[in-house]
There are 2 protein chains.
Amino acid sequence: MRTNKVCTGASMSLDGYIAGPEETGFDKLFRWYSNGTVRVPTTRGDLTFTMSPVSVEAWRGTVERTGALVVGRRLFDLTSGWEGNHPIGCPVVVLTHRVPEDWPYEDAPFTFVTDGIESAVERAKELAGPGRTVTVNGGTIARQCLDARLLDEVWIDLVPVLLGAGTPFFDQLKNVPVELEGPLSMAQGIDVTHLRYRVRYP
Amino acid sequence: MRTNKVCTGASMSLDGYIAGPEETGFDKLFRWYSNGTVRVPTTRGDLTFTMSPVSVEAWRGTVERTGALVVGRRLFDLTSGWEGNHPIGCPVVVLTHRVPEDWPYEDAPFTFVTDGIESAVERAKELAGPGRTVTVNGGTIARQCLDARLLDEVWIDLVPVLLGAGTPFFDQLKNVPVELEGPLSMAQGIDVTHLRYRVRYP
């Protein structure tokens, strides 16, 4: 029996990008985190979202389901390792070729794994606890999970913008086409449609 | 006053493609035309769809709104010019560099325009009649309309599949990002989500 779902999610443009050319477009892609009226505090004192009620529900669902995260080294570096405090407030497994030597947040719930995606996901399942979801980010890690048939669900926050180029959410997939089932759920926020799909493996 | 809306639509994979590599993936992208129980005859005796009730409504909406089509030469050639009888059953304007010399359906409601997208859309508006929609296909023509600020709406039949590569619906856009408004409507068929968006020009 599979006790932990493995899921990935991203804010994605209608043409399939999670970043525009040269890391642009985030003002559009992440607008739904701040275009509403409901204040949503996070585990980080310096970060409060203001979302529409529908998006709050989608966000809280993600936070409540997620027991642990697996992230790639690129995202970890881009965010400065969230300064040891990820806004979802759960253990984080960082998949990397090289453990950082100067990581100053020794007490933070961050684990570095160097021996591949399967191992990272296994570690995250232990940390998540029974029945809780392992959420994997960003695109490269999600692709590795999909290629290894580890991914159960894909959550898309679909944003009505065409970026035209940039970083696709899913790129260089090994086994295409990948069929999905759903949406399992669909909720309309302000300038975002929250969609959840299940991966169908042949 | 604008009397005719100009719209485009396509069946698109979740990762933004309207065709997979080397013109594959159509079995997935167009599955919703035949995975339901409602028989939908077209103006072509040889072509009957069997759709879910929700998809029938989406399809009928498109057919009823559309007064004329603008298509590119590539789509025209790919479909053998629908043998002079497009399933939507309305006048068709073909934008091409060269009028075909051997077109055998002289009485068919097909018009060939060689002097650019503005001219093709103008001709289609005349043919559509007051208040009716001009629908433009496929991706290259839609892009030209978007670049020329002629496009009012984008209809996406979003299919839960990742094709990984192929022909993007929107590619090489001149003015990015393109912001959209909506979805104006959202309807869930079987293995397809019908979405309509309005283009926001700055």
# chains A, B, ... in the order shown; residues from 1 in each chain; ligands from 1

$ interface_residues --of "chain A" --to "chain B" --cutoff "9 Å" --atoms "only C-alpha atoms" --output "number ranges by chain"
A: 14-17, 20, 25, 28, 159-165, 168-183, 188, 190-193, 197

$ residues_around --residues "Val56 in chain A" --least-positions-apart "2" --cutoff "12 Å" --atoms "only C-alpha atoms" --output "compact mmCIF listing (two decimals) with N, CA, C and O atoms, in the first residue's frame"
# COMPACT_ATOMS: atom_id res chain seq x y z
N TRP A 32 -1.64 36.02 -7.87
CA TRP A 32 -2.79 35.53 -7.08
C TRP A 32 -2.45 35.39 -5.60
O TRP A 32 -3.36 35.29 -4.77
N TYR A 33 -1.17 35.39 -5.26
CA TYR A 33 -0.79 35.35 -3.84
C TYR A 33 -1.08 36.69 -3.13
O TYR A 33 -1.06 36.75 -1.91
N SER A 34 -1.32 37.74 -3.91
CA SER A 34 -1.48 39.06 -3.27
C SER A 34 -2.58 39.92 -3.88
O SER A 34 -2.63 41.11 -3.63
N ASN A 35 -3.48 39.32 -4.67
CA ASN A 35 -4.51 40.16 -5.30
C ASN A 35 -5.89 40.03 -4.65
O ASN A 35 -6.90 40.41 -5.23
N GLY A 36 -5.92 39.48 -3.44
CA GLY A 36 -7.20 39.31 -2.77
C GLY A 36 -7.29 40.14 -1.51
O GLY A 36 -6.53 41.09 -1.33
N THR A 37 -8.22 39.76 -0.65
CA THR A 37 -8.48 40.57 0.54
C THR A 37 -8.25 39.80 1.84
O THR A 37 -8.24 40.39 2.92
N VAL A 38 -8.05 38.47 1.74
CA VAL A 38 -7.87 37.67 2.95
C VAL A 38 -6.38 37.59 3.29
O VAL A 38 -5.58 37.13 2.48
N ARG A 39 -6.03 38.06 4.47
CA ARG A 39 -4.63 38.00 4.90
C ARG A 39 -4.29 36.58 5.35
O ARG A 39 -5.01 36.00 6.16
N VAL A 40 -3.21 36.04 4.81
CA VAL A 40 -2.79 34.68 5.15
C VAL A 40 -1.37 34.73 5.70
O VAL A 40 -0.41 34.84 4.94
N PRO A 41 -1.21 34.68 7.02
CA PRO A 41 0.15 34.65 7.57
C PRO A 41 0.81 33.33 7.21
O PRO A 41 0.14 32.33 6.97
N THR A 42 2.13 33.32 7.15
CA THR A 42 2.87 32.08 6.92
C THR A 42 3.76 31.85 8.14
O THR A 42 3.75 32.65 9.08
N THR A 48 3.39 37.65 4.42
CA THR A 48 1.95 37.46 4.57
C THR A 48 1.33 37.58 3.19
O THR A 48 1.63 38.52 2.44
N PHE A 49 0.48 36.61 2.80
CA PHE A 49 -0.21 36.70 1.52
C PHE A 49 -1.54 37.41 1.71
O PHE A 49 -2.08 37.46 2.83
N THR A 50 -2.07 37.99 0.64
CA THR A 50 -3.45 38.52 0.66
C THR A 50 -4.16 37.96 -0.57
O THR A 50 -3.99 38.46 -1.67
N MET A 51 -4.93 36.92 -0.33
CA MET A 51 -5.51 36.15 -1.43
C MET A 51 -7.03 36.26 -1.46
O MET A 51 -7.66 36.66 -0.50
N SER A 52 -7.59 35.81 -2.58
CA SER A 52 -9.04 35.65 -2.66
C SER A 52 -9.43 34.46 -1.78
O SER A 52 -8.60 33.56 -1.56
N PRO A 53 -10.67 34.42 -1.28
CA PRO A 53 -11.10 33.30 -0.44
C PRO A 53 -10.88 31.94 -1.10
O PRO A 53 -10.46 30.98 -0.45
N VAL A 54 -11.13 31.85 -2.40
CA VAL A 54 -10.95 30.57 -3.10
C VAL A 54 -9.48 30.15 -3.10
O VAL A 54 -9.15 28.99 -2.87
N ALA A 58 -7.34 26.85 -1.53
CA ALA A 58 -6.41 26.02 -2.31
C ALA A 58 -5.04 25.98 -1.62
O ALA A 58 -4.43 24.92 -1.47
N TRP A 59 -4.57 27.13 -1.19
CA TRP A 59 -3.26 27.22 -0.53
C TRP A 59 -3.25 26.43 0.78
O TRP A 59 -2.35 25.65 1.05
N ARG A 60 -4.32 26.62 1.59
CA ARG A 60 -4.39 25.90 2.89
C ARG A 60 -4.44 24.40 2.67
O ARG A 60 -3.83 23.64 3.41
N GLY A 61 -5.17 23.98 1.63
CA GLY A 61 -5.22 22.56 1.30
C GLY A 61 -3.82 22.01 1.04
O GLY A 61 -3.45 20.96 1.56
N THR A 62 -3.05 22.75 0.28
CA THR A 62 -1.67 22.33 -0.02
C THR A 62 -0.85 22.26 1.25
O THR A 62 -0.14 21.27 1.50
N VAL A 63 -0.94 23.28 2.07
CA VAL A 63 -0.15 23.33 3.31
C VAL A 63 -0.55 22.18 4.24
O VAL A 63 0.31 21.51 4.81
N GLU A 64 -1.87 21.95 4.36
CA GLU A 64 -2.32 20.92 5.29
C GLU A 64 -1.98 19.51 4.84
O GLU A 64 -1.65 18.66 5.65
N ALA A 187 -10.91 25.11 -9.03
CA ALA A 187 -11.44 26.23 -8.24
C ALA A 187 -10.92 27.53 -8.83
O ALA A 187 -9.74 27.67 -9.15
N GLN A 188 -11.83 28.49 -9.01
CA GLN A 188 -11.48 29.72 -9.69
C GLN A 188 -11.22 30.84 -8.68
O GLN A 188 -12.13 31.28 -8.00
N GLY A 189 -9.97 31.27 -8.59
CA GLY A 189 -9.63 32.44 -7.79
C GLY A 189 -9.64 33.69 -8.66
O GLY A 189 -10.29 33.72 -9.70
N ILE A 190 -8.92 34.72 -8.24
CA ILE A 190 -8.79 35.92 -9.05
C ILE A 190 -7.53 35.77 -9.89
O ILE A 190 -6.43 35.64 -9.35
N VAL A 192 -6.47 33.24 -11.49
CA VAL A 192 -5.84 31.93 -11.34
C VAL A 192 -6.92 30.85 -11.27
O VAL A 192 -7.98 31.07 -10.68
N HIS A 194 -7.21 26.97 -10.03
CA HIS A 194 -6.51 25.91 -9.31
C HIS A 194 -7.01 24.55 -9.80
O HIS A 194 -8.20 24.24 -9.67

$ select_by_dssp --residues "range 86-195 of chain A" --states "strand (DSSP E or B)" --output "ChimeraX atom specification"
/A:92-95,110-113,133-137,153-159,161-162,167-168,178-188,193-195

$ write_last_selection --atoms "N, CA and C atoms" --output "compact mmCIF listing (two decimals), in the first residue's frame"
# COMPACT_ATOMS: atom_id res chain seq x y z
N VAL A 92 12.17 19.91 4.86
CA VAL A 92 12.55 20.07 3.46
C VAL A 92 13.74 19.17 3.16
N VAL A 93 13.60 18.35 2.11
CA VAL A 93 14.72 17.54 1.63
C VAL A 93 15.27 18.22 0.38
N VAL A 94 16.55 18.53 0.39
CA VAL A 94 17.18 19.19 -0.75
C VAL A 94 18.01 18.15 -1.50
N LEU A 95 17.64 17.94 -2.77
CA LEU A 95 18.42 17.02 -3.60
C LEU A 95 19.53 17.81 -4.27
N PHE A 110 16.05 20.95 7.55
CA PHE A 110 16.51 20.75 6.17
C PHE A 110 17.45 19.55 6.12
N THR A 111 17.22 18.66 5.15
CA THR A 111 18.05 17.47 4.97
C THR A 111 18.63 17.51 3.56
N PHE A 112 19.91 17.22 3.44
CA PHE A 112 20.54 17.22 2.11
C PHE A 112 20.78 15.78 1.68
N VAL A 113 20.30 15.47 0.47
CA VAL A 113 20.41 14.12 -0.06
C VAL A 113 21.18 14.19 -1.37
N THR A 133 1.36 13.97 2.41
CA THR A 133 1.87 14.15 1.06
C THR A 133 3.31 14.64 1.05
N VAL A 134 4.09 14.09 0.12
CA VAL A 134 5.41 14.64 -0.20
C VAL A 134 5.25 15.52 -1.43
N THR A 135 5.55 16.80 -1.29
CA THR A 135 5.41 17.74 -2.40
C THR A 135 6.79 18.03 -2.98
N VAL A 136 6.93 17.91 -4.29
CA VAL A 136 8.23 18.07 -4.93
C VAL A 136 8.24 19.30 -5.84
N ASN A 137 9.31 20.08 -5.76
CA ASN A 137 9.50 21.34 -6.52
C ASN A 137 10.96 21.49 -6.90
N GLU A 153 0.40 13.08 -8.33
CA GLU A 153 -0.51 14.16 -8.72
C GLU A 153 0.26 15.40 -9.18
N VAL A 154 -0.39 16.15 -10.05
CA VAL A 154 0.14 17.43 -10.53
C VAL A 154 -0.90 18.50 -10.22
N TRP A 155 -0.49 19.52 -9.49
CA TRP A 155 -1.38 20.64 -9.17
C TRP A 155 -0.92 21.84 -9.98
N ILE A 156 -1.85 22.41 -10.72
CA ILE A 156 -1.51 23.56 -11.55
C ILE A 156 -2.32 24.77 -11.10
N ASP A 157 -1.63 25.86 -10.82
CA ASP A 157 -2.31 27.14 -10.63
C ASP A 157 -2.18 27.86 -11.96
N LEU A 158 -3.24 27.73 -12.77
CA LEU A 158 -3.17 28.18 -14.16
C LEU A 158 -3.47 29.67 -14.25
N VAL A 159 -2.50 30.41 -14.78
CA VAL A 159 -2.58 31.88 -14.79
C VAL A 159 -2.83 32.36 -16.22
N VAL A 161 -2.08 34.17 -18.70
CA VAL A 161 -1.08 35.02 -19.34
C VAL A 161 -0.30 34.13 -20.32
N LEU A 162 0.12 34.70 -21.43
CA LEU A 162 1.02 33.99 -22.36
C LEU A 162 2.40 34.61 -22.21
N THR A 167 10.88 28.99 -18.99
CA THR A 167 11.09 27.67 -18.42
C THR A 167 9.78 26.90 -18.41
N PRO A 168 9.65 25.84 -19.20
CA PRO A 168 8.43 25.04 -19.15
C PRO A 168 8.34 24.30 -17.82
N VAL A 178 2.50 11.73 -21.41
CA VAL A 178 2.08 11.38 -20.05
C VAL A 178 0.60 11.71 -19.92
N GLU A 179 -0.19 10.70 -19.65
CA GLU A 179 -1.62 10.95 -19.51
C GLU A 179 -1.98 11.26 -18.07
N LEU A 180 -2.86 12.22 -17.92
CA LEU A 180 -3.32 12.60 -16.59
C LEU A 180 -4.82 12.35 -16.51
N GLU A 181 -5.31 12.33 -15.29
CA GLU A 181 -6.74 12.10 -15.06
C GLU A 181 -7.26 13.32 -14.31
N GLY A 182 -8.35 13.87 -14.79
CA GLY A 182 -8.91 14.99 -14.06
C GLY A 182 -9.29 16.13 -14.98
N PRO A 183 -9.42 17.33 -14.42
CA PRO A 183 -9.05 17.71 -13.06
C PRO A 183 -9.90 17.02 -11.99
N LEU A 184 -9.21 16.61 -10.91
CA LEU A 184 -9.87 16.05 -9.74
C LEU A 184 -10.61 17.14 -9.00
N SER A 185 -10.05 18.35 -9.08
CA SER A 185 -10.74 19.51 -8.52
C SER A 185 -10.35 20.74 -9.31
N MET A 186 -11.21 21.74 -9.24
CA MET A 186 -11.08 22.93 -10.08
C MET A 186 -11.68 24.07 -9.27
N ALA A 187 -10.91 25.11 -9.03
CA ALA A 187 -11.44 26.23 -8.24
C ALA A 187 -10.92 27.53 -8.83
N GLN A 188 -11.83 28.49 -9.01
CA GLN A 188 -11.48 29.72 -9.69
C GLN A 188 -11.22 30.84 -8.68
N THR A 193 -6.67 29.73 -11.92
CA THR A 193 -7.54 28.57 -11.83
C THR A 193 -6.75 27.45 -11.18
N HIS A 194 -7.21 26.97 -10.03
CA HIS A 194 -6.51 25.91 -9.31
C HIS A 194 -7.01 24.55 -9.80
N LEU A 195 -6.10 23.77 -10.36
CA LEU A 195 -6.46 22.48 -10.95
C LEU A 195 -5.61 21.38 -10.34

$ select_by_dssp --residues "range 21-61 of chain A" --states "alpha helix (DSSP H)" --output "NGL selection string"
:A and (26-29 or 53-61)

$ atom_distance --atom1 "CA of Ile117 in chain A" --atom2 "CA of Gln144 in chain A"
6.9 Å

$ residues_around --residues "Glu122 in chain B" --least-positions-apart "6" --cutoff "12 Å" --atoms "only C-alpha atoms" --output "number ranges by chain"
B: 2-6, 68-70, 93, 95, 113, 115-116, 128-129, 133-134, 145, 150

$ write_last_selection --atoms "C-alpha atoms" --output "compact mmCIF listing (two decimals), in the first residue's frame"
# COMPACT_ATOMS: atom_id res chain seq x y z
CA ARG B 2 -16.64 46.58 -32.93
CA THR B 3 -19.35 44.47 -34.47
CA ASN B 4 -17.54 41.17 -34.94
CA LYS B 5 -15.49 39.42 -32.32
CA VAL B 6 -12.33 37.71 -33.54
CA ALA B 68 -16.86 32.88 -40.74
CA LEU B 69 -13.45 31.26 -40.39
CA VAL B 70 -9.97 32.47 -41.24
CA VAL B 93 -11.24 32.66 -45.74
CA LEU B 95 -4.84 33.30 -46.00
CA VAL B 113 -6.80 36.21 -49.58
CA ASP B 115 -2.63 40.46 -48.87
CA GLY B 116 -2.20 39.78 -45.16
CA ALA B 128 -19.82 36.54 -41.17
CA GLY B 129 -22.48 39.24 -41.04
CA THR B 133 -17.78 35.84 -34.59
CA VAL B 134 -14.81 35.42 -36.90
CA CYS B 145 -3.93 38.19 -35.10
CA LEU B 150 -7.03 41.83 -33.79

$ residues_around --residues "Pro104 in chain A" --least-positions-apart "6" --cutoff "12 Å" --atoms "only C-alpha atoms" --output "list in words"
Ser80, Gly81, Trp82, Glu83, Gly84, Asn85 and Phe110 of chain A

$ atom_distance --atom1 "CA of Asp46 in chain B" --atom2 "CA of Pro109 in chain B"
18.9 Å

$ atom_distance --atom1 "CA of Ala108 in chain A" --atom2 "CA of Phe76 in chain A"
13.6 Å
